[in-house]
file input.pdb (PDB, C-alpha atoms and all ligand atoms)
ATOM      1  CA  MET O  27      -7.593  -7.688 -22.113  1.00  0.00           C
ATOM      2  CA  ARG O  28      -6.591  -4.676 -20.019  1.00  0.00           C
ATOM      3  CA  LYS O  29      -8.122  -1.305 -20.873  1.00  0.00           C
ATOM      4  CA  GLY O  30      -8.571   0.554 -17.582  1.00  0.00           C
ATOM      5  CA  LEU O  31      -6.126   2.271 -15.255  1.00  0.00           C
ATOM      6  CA  LEU O  32      -4.686   1.005 -11.997  1.00  0.00           C
ATOM      7  CA  ILE O  33      -3.253   3.423  -9.423  1.00  0.00           C
ATOM      8  CA  SER O  34      -1.805   2.231  -6.121  1.00  0.00           C
ATOM      9  CA  PHE O  35      -0.917   4.059  -2.907  1.00  0.00           C
ATOM     10  CA  GLU O  36       1.994   2.838  -0.782  1.00  0.00           C
ATOM     11  CA  GLY O  37       3.948   3.847   2.306  1.00  0.00           C
ATOM     12  CA  LEU O  38       4.446   3.145   5.989  1.00  0.00           C
ATOM     13  CA  ASP O  39       1.473   3.090   8.344  1.00  0.00           C
ATOM     14  CA  LYS O  40       0.296   6.422   9.730  1.00  0.00           C
ATOM     15  CA  VAL O  41       1.869   8.654   7.099  1.00  0.00           C
ATOM     16  CA  GLY O  42      -1.442  10.059   5.893  1.00  0.00           C
ATOM     17  CA  LYS O  43      -1.957   7.593   3.043  1.00  0.00           C
ATOM     18  CA  SER O  44      -5.668   7.082   3.642  1.00  0.00           C
ATOM     19  CA  THR O  45      -6.258  10.845   3.708  1.00  0.00           C
ATOM     20  CA  GLN O  46      -4.607  11.196   0.307  1.00  0.00           C
ATOM     21  CA  VAL O  47      -6.564   8.236  -1.052  1.00  0.00           C
ATOM     22  CA  ASP O  48      -9.785   9.956   0.068  1.00  0.00           C
ATOM     23  CA  ARG O  49      -8.663  13.259  -1.452  1.00  0.00           C
ATOM     24  CA  LEU O  50      -7.929  11.651  -4.799  1.00  0.00           C
ATOM     25  CA  MET O  51     -11.281   9.854  -4.778  1.00  0.00           C
ATOM     26  CA  GLU O  52     -12.960  13.192  -4.073  1.00  0.00           C
ATOM     27  CA  HIS O  53     -11.055  14.864  -6.904  1.00  0.00           C
ATOM     28  CA  LEU O  54     -11.936  12.133  -9.368  1.00  0.00           C
ATOM     29  CA  THR O  55     -15.606  11.875  -8.462  1.00  0.00           C
ATOM     30  CA  GLU O  56     -16.485  15.509  -7.727  1.00  0.00           C
ATOM     31  CA  HIS O  57     -14.202  17.432 -10.074  1.00  0.00           C
ATOM     32  CA  ARG O  58     -13.576  14.969 -12.862  1.00  0.00           C
ATOM     33  CA  LYS O  59     -17.021  13.325 -12.651  1.00  0.00           C
ATOM     34  CA  LEU O  60     -15.438   9.886 -12.938  1.00  0.00           C
ATOM     35  CA  ASN O  61     -16.501   6.719 -11.201  1.00  0.00           C
ATOM     36  CA  PRO O  62     -13.330   5.115  -9.776  1.00  0.00           C
ATOM     37  CA  ILE O  63     -13.367   1.836  -7.870  1.00  0.00           C
ATOM     38  CA  LEU O  64     -11.581   1.960  -4.509  1.00  0.00           C
ATOM     39  CA  VAL O  65     -10.045  -1.194  -3.053  1.00  0.00           C
ATOM     40  CA  ARG O  66      -7.885  -1.711   0.006  1.00  0.00           C
ATOM     41  CA  GLU O  67      -5.443  -4.432   0.939  1.00  0.00           C
ATOM     42  CA  PRO O  68      -5.812  -6.681   2.710  1.00  0.00           C
ATOM     43  CA  GLY O  69      -9.544  -6.870   2.091  1.00  0.00           C
ATOM     44  CA  SER O  70     -12.180  -5.555  -0.338  1.00  0.00           C
ATOM     45  CA  THR O  71     -13.683  -8.980  -1.003  1.00  0.00           C
ATOM     46  CA  GLU O  72     -15.660 -11.165   1.388  1.00  0.00           C
ATOM     47  CA  VAL O  73     -12.736 -13.572   1.720  1.00  0.00           C
ATOM     48  CA  GLY O  74     -10.194 -10.749   1.878  1.00  0.00           C
ATOM     49  CA  GLU O  75     -11.973  -9.000   4.752  1.00  0.00           C
ATOM     50  CA  LYS O  76     -11.920 -12.272   6.721  1.00  0.00           C
ATOM     51  CA  ILE O  77      -8.189 -12.562   6.040  1.00  0.00           C
ATOM     52  CA  ARG O  78      -7.801  -8.947   7.207  1.00  0.00           C
ATOM     53  CA  ASP O  79      -9.542  -9.877  10.479  1.00  0.00           C
ATOM     54  CA  ILE O  80      -7.050 -12.711  11.032  1.00  0.00           C
ATOM     55  CA  LEU O  81      -4.080 -10.415  10.358  1.00  0.00           C
ATOM     56  CA  ALA O  82      -5.411  -7.734  12.713  1.00  0.00           C
ATOM     57  CA  ASP O  83      -6.632 -10.117  15.440  1.00  0.00           C
ATOM     58  CA  PRO O  84      -5.030  -9.017  18.741  1.00  0.00           C
ATOM     59  CA  ALA O  85      -5.161 -12.622  19.994  1.00  0.00           C
ATOM     60  CA  LEU O  86      -2.849 -13.661  17.119  1.00  0.00           C
ATOM     61  CA  LYS O  87      -0.281 -10.886  17.606  1.00  0.00           C
ATOM     62  CA  GLY O  88       3.213 -12.313  17.403  1.00  0.00           C
ATOM     63  CA  LYS O  89       1.876 -15.795  16.541  1.00  0.00           C
ATOM     64  CA  ILE O  90       1.728 -15.526  12.734  1.00  0.00           C
ATOM     65  CA  SER O  91       5.013 -16.556  11.117  1.00  0.00           C
ATOM     66  CA  PRO O  92       6.489 -14.258   8.433  1.00  0.00           C
ATOM     67  CA  LEU O  93       5.799 -16.799   5.693  1.00  0.00           C
ATOM     68  CA  CYS O  94       2.239 -17.400   6.878  1.00  0.00           C
ATOM     69  CA  GLU O  95       1.753 -13.624   7.007  1.00  0.00           C
ATOM     70  CA  PHE O  96       2.994 -13.254   3.421  1.00  0.00           C
ATOM     71  CA  MET O  97       0.700 -16.065   2.289  1.00  0.00           C
ATOM     72  CA  LEU O  98      -2.294 -14.420   3.969  1.00  0.00           C
ATOM     73  CA  TYR O  99      -1.631 -11.065   2.270  1.00  0.00           C
ATOM     74  CA  SER O 100      -1.078 -12.899  -1.028  1.00  0.00           C
ATOM     75  CA  ALA O 101      -4.278 -14.926  -0.624  1.00  0.00           C
ATOM     76  CA  SER O 102      -6.271 -11.747  -0.055  1.00  0.00           C
ATOM     77  CA  ARG O 103      -4.591 -10.180  -3.096  1.00  0.00           C
ATOM     78  CA  ALA O 104      -5.230 -13.222  -5.323  1.00  0.00           C
ATOM     79  CA  GLN O 105      -8.932 -13.025  -4.536  1.00  0.00           C
ATOM     80  CA  LEU O 106      -9.061  -9.248  -5.003  1.00  0.00           C
ATOM     81  CA  VAL O 107      -7.341  -9.344  -8.387  1.00  0.00           C
ATOM     82  CA  THR O 108      -9.499 -12.189  -9.723  1.00  0.00           C
ATOM     83  CA  GLU O 109     -12.774 -10.931  -8.303  1.00  0.00           C
ATOM     84  CA  VAL O 110     -12.403  -7.149  -8.700  1.00  0.00           C
ATOM     85  CA  ILE O 111      -9.246  -5.615 -10.176  1.00  0.00           C
ATOM     86  CA  SER O 112      -8.846  -7.727 -13.304  1.00  0.00           C
ATOM     87  CA  PRO O 113     -12.531  -7.609 -14.382  1.00  0.00           C
ATOM     88  CA  LYS O 114     -12.774  -3.877 -13.658  1.00  0.00           C
ATOM     89  CA  LEU O 115      -9.638  -3.118 -15.676  1.00  0.00           C
ATOM     90  CA  SER O 116     -10.942  -5.270 -18.525  1.00  0.00           C
ATOM     91  CA  ALA O 117     -14.140  -3.210 -18.431  1.00  0.00           C
ATOM     92  CA  GLY O 118     -12.065  -0.030 -18.827  1.00  0.00           C
ATOM     93  CA  GLU O 119     -12.578   1.197 -15.253  1.00  0.00           C
ATOM     94  CA  LEU O 120     -10.248   3.272 -13.095  1.00  0.00           C
ATOM     95  CA  VAL O 121      -9.119   1.332 -10.007  1.00  0.00           C
ATOM     96  CA  ILE O 122      -7.510   2.980  -6.984  1.00  0.00           C
ATOM     97  CA  ALA O 123      -5.732   0.533  -4.666  1.00  0.00           C
ATOM     98  CA  ASP O 124      -4.903   1.469  -1.071  1.00  0.00           C
ATOM     99  CA  ARG O 125      -1.818  -0.815  -1.015  1.00  0.00           C
ATOM    100  CA  TYR O 126      -0.911  -3.488  -3.574  1.00  0.00           C
ATOM    101  CA  TYR O 127       1.942  -5.934  -4.089  1.00  0.00           C
ATOM    102  CA  ASP O 128       4.735  -3.421  -3.329  1.00  0.00           C
ATOM    103  CA  SER O 129       3.556  -3.581   0.299  1.00  0.00           C
ATOM    104  CA  SER O 130       4.436  -7.280   0.411  1.00  0.00           C
ATOM    105  CA  SER O 131       7.860  -6.625  -1.109  1.00  0.00           C
ATOM    106  CA  ALA O 132       8.539  -3.847   1.413  1.00  0.00           C
ATOM    107  CA  TYR O 133       6.982  -5.328   4.588  1.00  0.00           C
ATOM    108  CA  GLN O 134       7.460  -9.079   4.132  1.00  0.00           C
ATOM    109  CA  GLY O 135      10.560  -8.886   1.897  1.00  0.00           C
ATOM    110  CA  PHE O 136      12.666  -5.977   3.132  1.00  0.00           C
ATOM    111  CA  GLY O 137      11.025  -5.887   6.590  1.00  0.00           C
ATOM    112  CA  ARG O 138      10.710  -9.549   7.542  1.00  0.00           C
ATOM    113  CA  GLY O 139      13.493 -10.894   5.355  1.00  0.00           C
ATOM    114  CA  ILE O 140      11.565 -13.277   3.107  1.00  0.00           C
ATOM    115  CA  SER O 141      13.403 -13.846  -0.201  1.00  0.00           C
ATOM    116  CA  LEU O 142      12.529 -11.071  -2.635  1.00  0.00           C
ATOM    117  CA  GLU O 143      12.920 -13.435  -5.560  1.00  0.00           C
ATOM    118  CA  PHE O 144      10.214 -15.657  -4.069  1.00  0.00           C
ATOM    119  CA  ILE O 145       8.004 -12.679  -3.216  1.00  0.00           C
ATOM    120  CA  ASN O 146       8.322 -11.277  -6.734  1.00  0.00           C
ATOM    121  CA  LYS O 147       7.263 -14.619  -8.237  1.00  0.00           C
ATOM    122  CA  VAL O 148       4.232 -14.930  -5.963  1.00  0.00           C
ATOM    123  CA  ASN O 149       3.333 -11.261  -6.524  1.00  0.00           C
ATOM    124  CA  ALA O 150       3.394 -11.734 -10.296  1.00  0.00           C
ATOM    125  CA  THR O 151       1.287 -14.894 -10.074  1.00  0.00           C
ATOM    126  CA  VAL O 152      -1.416 -13.589  -7.746  1.00  0.00           C
ATOM    127  CA  THR O 153      -1.734 -10.265  -9.578  1.00  0.00           C
ATOM    128  CA  LEU O 154      -1.948 -11.951 -13.009  1.00  0.00           C
ATOM    129  CA  ASP O 155       0.975  -9.652 -13.872  1.00  0.00           C
ATOM    130  CA  LEU O 156      -1.226  -6.575 -13.464  1.00  0.00           C
ATOM    131  CA  VAL O 157       1.286  -3.808 -12.724  1.00  0.00           C
ATOM    132  CA  PRO O 158      -0.031  -0.383 -11.639  1.00  0.00           C
ATOM    133  CA  ASP O 159       0.084   2.419 -14.210  1.00  0.00           C
ATOM    134  CA  LEU O 160       1.060   4.705 -11.346  1.00  0.00           C
ATOM    135  CA  SER O 161       2.161   4.056  -7.761  1.00  0.00           C
ATOM    136  CA  ILE O 162       2.143   6.906  -5.273  1.00  0.00           C
ATOM    137  CA  LEU O 163       4.644   6.416  -2.462  1.00  0.00           C
ATOM    138  CA  LEU O 164       4.421   8.597   0.644  1.00  0.00           C
ATOM    139  CA  THR O 165       7.720   8.693   2.515  1.00  0.00           C
ATOM    140  CA  VAL O 166       8.650  10.052   5.934  1.00  0.00           C
ATOM    141  CA  GLU O 167      11.928  11.134   7.440  1.00  0.00           C
ATOM    142  CA  ASN O 168      10.683  11.190  11.033  1.00  0.00           C
ATOM    143  CA  PHE O 169       9.013   7.778  10.939  1.00  0.00           C
ATOM    144  CA  VAL O 170      10.402   6.805  14.339  1.00  0.00           C
ATOM    145  CA  SER O 171       8.690   9.574  16.286  1.00  0.00           C
ATOM    146  CA  GLU O 172       5.535   9.212  14.204  1.00  0.00           C
ATOM    147  CA  SER O 173       5.176   5.521  14.991  1.00  0.00           C
ATOM    148  CA  ARG O 174       5.950   6.171  18.668  1.00  0.00           C
ATOM    149  CA  LYS O 175       2.979   8.495  18.808  1.00  0.00           C
ATOM    150  CA  LYS O 176       0.500   6.162  17.187  1.00  0.00           C
ATOM    151  CA  PRO O 177       1.136   2.410  17.297  1.00  0.00           C
ATOM    152  CA  ASP O 178      -1.313   0.559  15.039  1.00  0.00           C
ATOM    153  CA  ARG O 179      -3.447  -2.545  15.044  1.00  0.00           C
ATOM    154  CA  PHE O 180      -1.139  -4.541  12.798  1.00  0.00           C
ATOM    155  CA  ALA O 181       2.008  -3.730  14.794  1.00  0.00           C
ATOM    156  CA  PRO O 182       3.343  -5.640  17.804  1.00  0.00           C
ATOM    157  CA  ASN O 183       2.345  -4.359  21.230  1.00  0.00           C
ATOM    158  CA  LEU O 184       4.902  -1.802  22.310  1.00  0.00           C
ATOM    159  CA  PHE O 185       4.993  -2.791  25.932  1.00  0.00           C
ATOM    160  CA  ASP O 186       8.734  -2.850  26.396  1.00  0.00           C
ATOM    161  CA  ASP O 187      11.784  -1.044  25.037  1.00  0.00           C
ATOM    162  CA  ARG O 188      13.174  -4.066  23.232  1.00  0.00           C
ATOM    163  CA  LEU O 189       9.953  -4.686  21.306  1.00  0.00           C
ATOM    164  CA  GLU O 190       9.624  -1.000  20.587  1.00  0.00           C
ATOM    165  CA  GLN O 191      13.201  -0.915  19.255  1.00  0.00           C
ATOM    166  CA  GLU O 192      12.508  -3.977  17.087  1.00  0.00           C
ATOM    167  CA  PHE O 193       9.431  -2.288  15.720  1.00  0.00           C
ATOM    168  CA  MET O 194      11.377   0.895  14.896  1.00  0.00           C
ATOM    169  CA  ASP O 195      14.071  -1.153  13.134  1.00  0.00           C
ATOM    170  CA  PHE O 196      11.341  -2.927  11.181  1.00  0.00           C
ATOM    171  CA  ARG O 197       9.800   0.363  10.071  1.00  0.00           C
ATOM    172  CA  LYS O 198      13.199   1.603   8.979  1.00  0.00           C
ATOM    173  CA  LYS O 199      13.758  -1.485   6.814  1.00  0.00           C
ATOM    174  CA  VAL O 200      10.275  -1.207   5.294  1.00  0.00           C
ATOM    175  CA  GLN O 201      10.789   2.476   4.518  1.00  0.00           C
ATOM    176  CA  GLN O 202      14.148   1.763   2.869  1.00  0.00           C
ATOM    177  CA  GLY O 203      12.542  -1.105   0.971  1.00  0.00           C
ATOM    178  CA  PHE O 204       9.856   1.136  -0.460  1.00  0.00           C
ATOM    179  CA  LEU O 205      12.495   3.640  -1.569  1.00  0.00           C
ATOM    180  CA  GLU O 206      14.571   0.935  -3.242  1.00  0.00           C
ATOM    181  CA  ILE O 207      11.537  -0.436  -5.077  1.00  0.00           C
ATOM    182  CA  ALA O 208      10.624   3.066  -6.282  1.00  0.00           C
ATOM    183  CA  GLN O 209      14.186   3.767  -7.435  1.00  0.00           C
ATOM    184  CA  LYS O 210      14.118   0.639  -9.608  1.00  0.00           C
ATOM    185  CA  GLU O 211      10.961   1.775 -11.415  1.00  0.00           C
ATOM    186  CA  PRO O 212      11.071   5.569 -11.518  1.00  0.00           C
ATOM    187  CA  ALA O 213       8.556   5.817 -14.349  1.00  0.00           C
ATOM    188  CA  ARG O 214       5.900   3.990 -12.329  1.00  0.00           C
ATOM    189  CA  PHE O 215       6.418   5.845  -9.047  1.00  0.00           C
ATOM    190  CA  LEU O 216       5.501   9.281  -7.792  1.00  0.00           C
ATOM    191  CA  VAL O 217       7.475   9.643  -4.546  1.00  0.00           C
ATOM    192  CA  LEU O 218       6.249  12.347  -2.187  1.00  0.00           C
ATOM    193  CA  ASP O 219       7.330  13.598   1.217  1.00  0.00           C
ATOM    194  CA  ALA O 220       4.443  12.861   3.581  1.00  0.00           C
ATOM    195  CA  ASN O 221       5.449  15.839   5.734  1.00  0.00           C
ATOM    196  CA  GLU O 222       4.361  18.266   3.051  1.00  0.00           C
ATOM    197  CA  LYS O 223       1.070  20.020   3.711  1.00  0.00           C
ATOM    198  CA  ARG O 224      -1.962  17.830   2.959  1.00  0.00           C
ATOM    199  CA  GLU O 225      -3.272  20.330   0.424  1.00  0.00           C
ATOM    200  CA  GLN O 226       0.012  20.403  -1.471  1.00  0.00           C
ATOM    201  CA  LEU O 227       0.216  16.635  -1.567  1.00  0.00           C
ATOM    202  CA  ALA O 228      -3.366  16.312  -2.767  1.00  0.00           C
ATOM    203  CA  LYS O 229      -2.698  18.848  -5.555  1.00  0.00           C
ATOM    204  CA  LYS O 230       0.460  17.079  -6.731  1.00  0.00           C
ATOM    205  CA  ILE O 231      -1.275  13.699  -6.769  1.00  0.00           C
ATOM    206  CA  ALA O 232      -4.338  15.050  -8.600  1.00  0.00           C
ATOM    207  CA  ALA O 233      -2.121  16.727 -11.228  1.00  0.00           C
ATOM    208  CA  ARG O 234      -0.163  13.538 -11.892  1.00  0.00           C
ATOM    209  CA  VAL O 235      -3.308  11.417 -12.096  1.00  0.00           C
ATOM    210  CA  ASP O 236      -4.999  13.918 -14.433  1.00  0.00           C
ATOM    211  CA  LYS O 237      -1.926  13.759 -16.684  1.00  0.00           C
ATOM    212  CA  LEU O 238      -2.036   9.961 -16.698  1.00  0.00           C
ATOM    213  CA  ILE O 239      -5.742   9.881 -17.548  1.00  0.00           C
ATOM    214  CA  LYS O 240      -5.139  12.340 -20.391  1.00  0.00           C
ATOM    215  CA  GLU O 241      -2.253  10.291 -21.771  1.00  0.00           C
ATOM    216  CA  LYS O 242      -4.259   7.083 -21.719  1.00  0.00           C
ATOM    217  CA  SER O 243      -7.482   8.466 -23.172  1.00  0.00           C
TER     218      SER O 243
HETATM  219  P1  LIG O 301      -3.472  -0.149   6.397  1.00  0.00           P
HETATM  220  O1  LIG O 301      -4.844  -0.680   6.144  1.00  0.00           O
HETATM  221  O2  LIG O 301      -3.424   0.888   7.461  1.00  0.00           O
HETATM  222  O3  LIG O 301      -2.769   0.254   5.170  1.00  0.00           O
HETATM  223  O4  LIG O 301      -2.686  -1.343   7.100  1.00  0.00           O
HETATM  224  C1  LIG O 301      -2.454  -2.559   6.539  1.00  0.00           C
HETATM  225  C2  LIG O 301      -1.276  -3.199   7.272  1.00  0.00           C
HETATM  226  O5  LIG O 301      -0.890  -4.375   6.594  1.00  0.00           O
HETATM  227  C3  LIG O 301      -0.055  -2.301   7.306  1.00  0.00           C
HETATM  228  O6  LIG O 301       0.608  -2.463   8.544  1.00  0.00           O
HETATM  229  C4  LIG O 301       0.824  -2.855   6.218  1.00  0.00           C
HETATM  230  C5  LIG O 301       0.479  -4.314   6.245  1.00  0.00           C
HETATM  231  N1  LIG O 301       0.667  -4.994   4.955  1.00  0.00           N
HETATM  232  C6  LIG O 301       1.735  -5.873   4.818  1.00  0.00           C
HETATM  233  O7  LIG O 301       2.531  -6.048   5.749  1.00  0.00           O
HETATM  234  N2  LIG O 301       1.886  -6.517   3.624  1.00  0.00           N
HETATM  235  C7  LIG O 301       1.017  -6.377   2.587  1.00  0.00           C
HETATM  236  O8  LIG O 301       1.192  -6.995   1.528  1.00  0.00           O
HETATM  237  C8  LIG O 301      -0.087  -5.461   2.751  1.00  0.00           C
HETATM  238  C9  LIG O 301      -1.057  -5.245   1.637  1.00  0.00           C
HETATM  239  C10 LIG O 301      -0.223  -4.805   3.951  1.00  0.00           C
END

call {"tool": "encode", "arguments": {"input": "input.pdb", "output": "structure tokens", "more": "lines below"}}
Ligand code: TMP
result
Amino acid sequence: MRKGLLISFEGLDKVGKSTQVDRLMEHLTEHRKLNPILVREPGSTEVGEKIRDILADPALKGKISPLCEFMLYSASRAQLVTEVISPKLSAGELVIADRYYDSSSAYQGFGRGISLEFINKVNATVTLDLVPDLSILLTVENFVSESRKKPDRFAPNLFDDRLEQEFMDFRKKVQQGFLEIAQKEPARFLVLDANEKREQLAKKIAARVDKLIKEKS
């Protein structure tokens, strides 16, 4: 039986998500004196971290098919939910997830074009239907220039204009996907502009989380 709280963070790479995750953890531990569990996807279990290594392996760049990629993220998630998230929620704990199933819908569904109906079914199965109480989505208007500045480990190598253009188009689809997902479930999502000052963002997130904790206690 579920008693705890699950809060997820979502958004494109390099929008400052990890900073806000750290800030919320700090707020909860230092100011609220709570003991939240932090998990990240892919990863946070022994198996999941190995899957993360496969997904981020430079030697495999461009060689993992979209469906295989989705299955790898889902496999990591299945393990994480069974091993950590579900038992912690049952024990009444507060779980903070740096990415959860909305990332698969946005990246593998909207981004790579895998059927959303199929993705939704797999997502529901591997998460044991555990939906976040709150999902914080960081959005960016200038995602093209941001990604140009800092390509990441999980992205294709940007060694020519065509690949770079493909990557920008992909980011655009993922960003639009996240927004569509959030629009469908407005009560679950807190959508914030990642270009706002870090301090402001951290304050807004802390206020919303405090409200949620109060409501549920
Ligand atoms: P991050 O650790 O910086 O958040 O990066 C994880 C990468 O994995 C990021 O590029 C998004 C991607 N990802 C997916 O494509 N699908 C998923 O389901 C998850 C959890 C992550």

call {"tool": "closest_atom_pairs", "arguments": {"input": "input.pdb", "of": "chain O", "to": "ligand LIG 301 (chain O)", "cutoff": "9 Å", "atoms": "only C-alpha atoms and all ligand atoms", "output": "CSV"}}
result
residue,atom,partner,partner_atom,distance
O:Glu36,CA,O:LIG301,O3,8.0
O:Gly37,CA,O:LIG301,O3,8.1
O:Leu38,CA,O:LIG301,C4,7.0
O:Asp39,CA,O:LIG301,O2,5.4
O:Lys40,CA,O:LIG301,O2,7.0
O:Lys43,CA,O:LIG301,O3,7.7
O:Ser44,CA,O:LIG301,O3,7.6
O:Arg66,CA,O:LIG301,O1,6.9
O:Glu67,CA,O:LIG301,C9,4.5
O:Pro68,CA,O:LIG301,C9,5.1
O:Gly69,CA,O:LIG301,C9,8.7
O:Arg78,CA,O:LIG301,O5,8.3
O:Leu81,CA,O:LIG301,O5,7.8
O:Ala82,CA,O:LIG301,C2,8.2
O:Glu95,CA,O:LIG301,O7,7.7
O:Phe96,CA,O:LIG301,O8,6.8
O:Leu98,CA,O:LIG301,O8,8.6
O:Tyr99,CA,O:LIG301,O8,5.0
O:Ser100,CA,O:LIG301,O8,6.8
O:Ser102,CA,O:LIG301,C9,8.5
O:Arg103,CA,O:LIG301,C9,7.7
O:Asp124,CA,O:LIG301,O3,6.7
O:Arg125,CA,O:LIG301,C9,5.2
O:Tyr126,CA,O:LIG301,C9,5.5
O:Tyr127,CA,O:LIG301,O8,5.8
O:Asp128,CA,O:LIG301,O8,7.0
O:Ser129,CA,O:LIG301,O8,4.3
O:Ser130,CA,O:LIG301,O8,3.4
O:Ser131,CA,O:LIG301,O8,7.2
O:Ala132,CA,O:LIG301,N2,7.5
O:Tyr133,CA,O:LIG301,O7,4.7
O:Gln134,CA,O:LIG301,O7,6.0
O:Gly137,CA,O:LIG301,O7,8.5
O:Asp178,CA,O:LIG301,O6,7.4
O:Arg179,CA,O:LIG301,O6,7.7
O:Phe180,CA,O:LIG301,O6,5.0
O:Ala181,CA,O:LIG301,O6,6.5

call {"tool": "write_last_selection", "arguments": {"input": "input.pdb", "atoms": "C-alpha atoms", "output": "CSV table (one decimal), in the frame of the given file"}}
result
chain,number,residue,atom,x,y,z
O,36,GLU,CA,2.0,2.8,-0.8
O,37,GLY,CA,3.9,3.8,2.3
O,38,LEU,CA,4.4,3.1,6.0
O,39,ASP,CA,1.5,3.1,8.3
O,40,LYS,CA,0.3,6.4,9.7
O,43,LYS,CA,-2.0,7.6,3.0
O,44,SER,CA,-5.7,7.1,3.6
O,66,ARG,CA,-7.9,-1.7,0.0
O,67,GLU,CA,-5.4,-4.4,0.9
O,68,PRO,CA,-5.8,-6.7,2.7
O,69,GLY,CA,-9.5,-6.9,2.1
O,78,ARG,CA,-7.8,-8.9,7.2
O,81,LEU,CA,-4.1,-10.4,10.4
O,82,ALA,CA,-5.4,-7.7,12.7
O,95,GLU,CA,1.8,-13.6,7.0
O,96,PHE,CA,3.0,-13.3,3.4
O,98,LEU,CA,-2.3,-14.4,4.0
O,99,TYR,CA,-1.6,-11.1,2.3
O,100,SER,CA,-1.1,-12.9,-1.0
O,102,SER,CA,-6.3,-11.7,-0.1
O,103,ARG,CA,-4.6,-10.2,-3.1
O,124,ASP,CA,-4.9,1.5,-1.1
O,125,ARG,CA,-1.8,-0.8,-1.0
O,126,TYR,CA,-0.9,-3.5,-3.6
O,127,TYR,CA,1.9,-5.9,-4.1
O,128,ASP,CA,4.7,-3.4,-3.3
O,129,SER,CA,3.6,-3.6,0.3
O,130,SER,CA,4.4,-7.3,0.4
O,131,SER,CA,7.9,-6.6,-1.1
O,132,ALA,CA,8.5,-3.8,1.4
O,133,TYR,CA,7.0,-5.3,4.6
O,134,GLN,CA,7.5,-9.1,4.1
O,137,GLY,CA,11.0,-5.9,6.6
O,178,ASP,CA,-1.3,0.6,15.0
O,179,ARG,CA,-3.4,-2.5,15.0
O,180,PHE,CA,-1.1,-4.5,12.8
O,181,ALA,CA,2.0,-3.7,14.8

call {"tool": "closest_residue", "arguments": {"input": "input.pdb", "among": "O:Leu50, O:Leu31, O:Gln202, O:Val148", "to": "Ile231 (chain O)", "atoms": "all atoms listed in the file"}}
result
O:Leu50

call {"tool": "atom_distance", "arguments": {"input": "input.pdb", "atom1": "CA of Phe193 (chain O)", "atom2": "CA of Ile80 (chain O)"}}
result
20.1 Å

call {"tool": "resolve_selection", "arguments": {"input": "input.pdb", "expression": "the PyMOL selection byres (((chain O and resi 156-164) around 7) and not hetatm)", "output": "PyMOL selection string"}}
result
chain O and resi 31-37+41+43+153-155+165-166+214-220

call {"tool": "atom_distance", "arguments": {"input": "input.pdb", "atom1": "CA of Gly203 (chain O)", "atom2": "CA of Gly135 (chain O)"}}
result
8.1 Å

call {"tool": "residues_around", "arguments": {"input": "input.pdb", "residues": "Arg49 (chain O)", "least_positions_apart": "3", "cutoff": "10 Å", "atoms": "all atoms listed in the file", "output": "compact mmCIF listing (two decimals) with C-alpha atoms, in the coordinates of the input"}}
result
# COMPACT_ATOMS: atom_id res chain seq x y z
CA LYS O 43 -1.96 7.59 3.04
CA SER O 44 -5.67 7.08 3.64
CA THR O 45 -6.26 10.84 3.71
CA GLN O 46 -4.61 11.20 0.31
CA GLU O 52 -12.96 13.19 -4.07
CA HIS O 53 -11.06 14.86 -6.90
CA LEU O 54 -11.94 12.13 -9.37
CA THR O 55 -15.61 11.88 -8.46
CA ARG O 224 -1.96 17.83 2.96
CA GLU O 225 -3.27 20.33 0.42
CA LEU O 227 0.22 16.64 -1.57
CA ALA O 228 -3.37 16.31 -2.77
CA LYS O 229 -2.70 18.85 -5.56
CA ILE O 231 -1.27 13.70 -6.77
CA ALA O 232 -4.34 15.05 -8.60

call {"tool": "axis_aligned_box", "arguments": {"input": "input.pdb", "around": "region 121-127 of chain O", "padding_each_side": "5 Å", "output": "JSON"}}
result
{"center_x": -3.6, "center_y": -1.5, "center_z": -5.5, "size_x": 21.1, "size_y": 18.9, "size_z": 19.0}

call {"tool": "atom_distance", "arguments": {"input": "input.pdb", "atom1": "CA of Leu93 (chain O)", "atom2": "CA of Ile140 (chain O)"}}
result
7.2 Å

call {"tool": "resolve_selection", "arguments": {"input": "input.pdb", "expression": "the PyMOL selection byres (((chain O and resi 108) around 12) and not hetatm)", "output": "list in words"}}
result
Ser70, Thr71, Val73, Gly74, Ala101, Ser102, Arg103, Ala104, Gln105, Leu106, Val107, Glu109, Val110, Ile111, Ser112, Pro113, Lys114, Leu115, Ser116, Thr151, Val152, Thr153, Leu154, Asp155 and Leu156 of chain O

call {"tool": "build_atoms", "arguments": {"input": "input.pdb", "residues": "region 53-58 of chain O", "atoms": "N, CA and C atoms", "output": "PDB file, in the frame of the given file"}}
result
ATOM      1  N   HIS O  53     -11.427  14.147  -5.682  1.00  0.00           N
ATOM      2  CA  HIS O  53     -11.055  14.864  -6.904  1.00  0.00           C
ATOM      3  C   HIS O  53     -11.638  14.179  -8.147  1.00  0.00           C
ATOM      4  N   LEU O  54     -11.499  12.863  -8.182  1.00  0.00           N
ATOM      5  CA  LEU O  54     -11.936  12.133  -9.368  1.00  0.00           C
ATOM      6  C   LEU O  54     -13.457  12.112  -9.505  1.00  0.00           C
ATOM      7  N   THR O  55     -14.146  11.968  -8.372  1.00  0.00           N
ATOM      8  CA  THR O  55     -15.606  11.875  -8.462  1.00  0.00           C
ATOM      9  C   THR O  55     -16.242  13.257  -8.598  1.00  0.00           C
ATOM     10  N   GLU O  56     -15.807  14.205  -7.744  1.00  0.00           N
ATOM     11  CA  GLU O  56     -16.485  15.509  -7.727  1.00  0.00           C
ATOM     12  C   GLU O  56     -16.008  16.463  -8.812  1.00  0.00           C
ATOM     13  N   HIS O  57     -14.702  16.490  -9.064  1.00  0.00           N
ATOM     14  CA  HIS O  57     -14.202  17.432 -10.074  1.00  0.00           C
ATOM     15  C   HIS O  57     -14.139  16.846 -11.470  1.00  0.00           C
ATOM     16  N   ARG O  58     -13.712  15.581 -11.532  1.00  0.00           N
ATOM     17  CA  ARG O  58     -13.576  14.969 -12.862  1.00  0.00           C
ATOM     18  C   ARG O  58     -14.822  14.196 -13.288  1.00  0.00           C
TER      19      ARG O  58
END
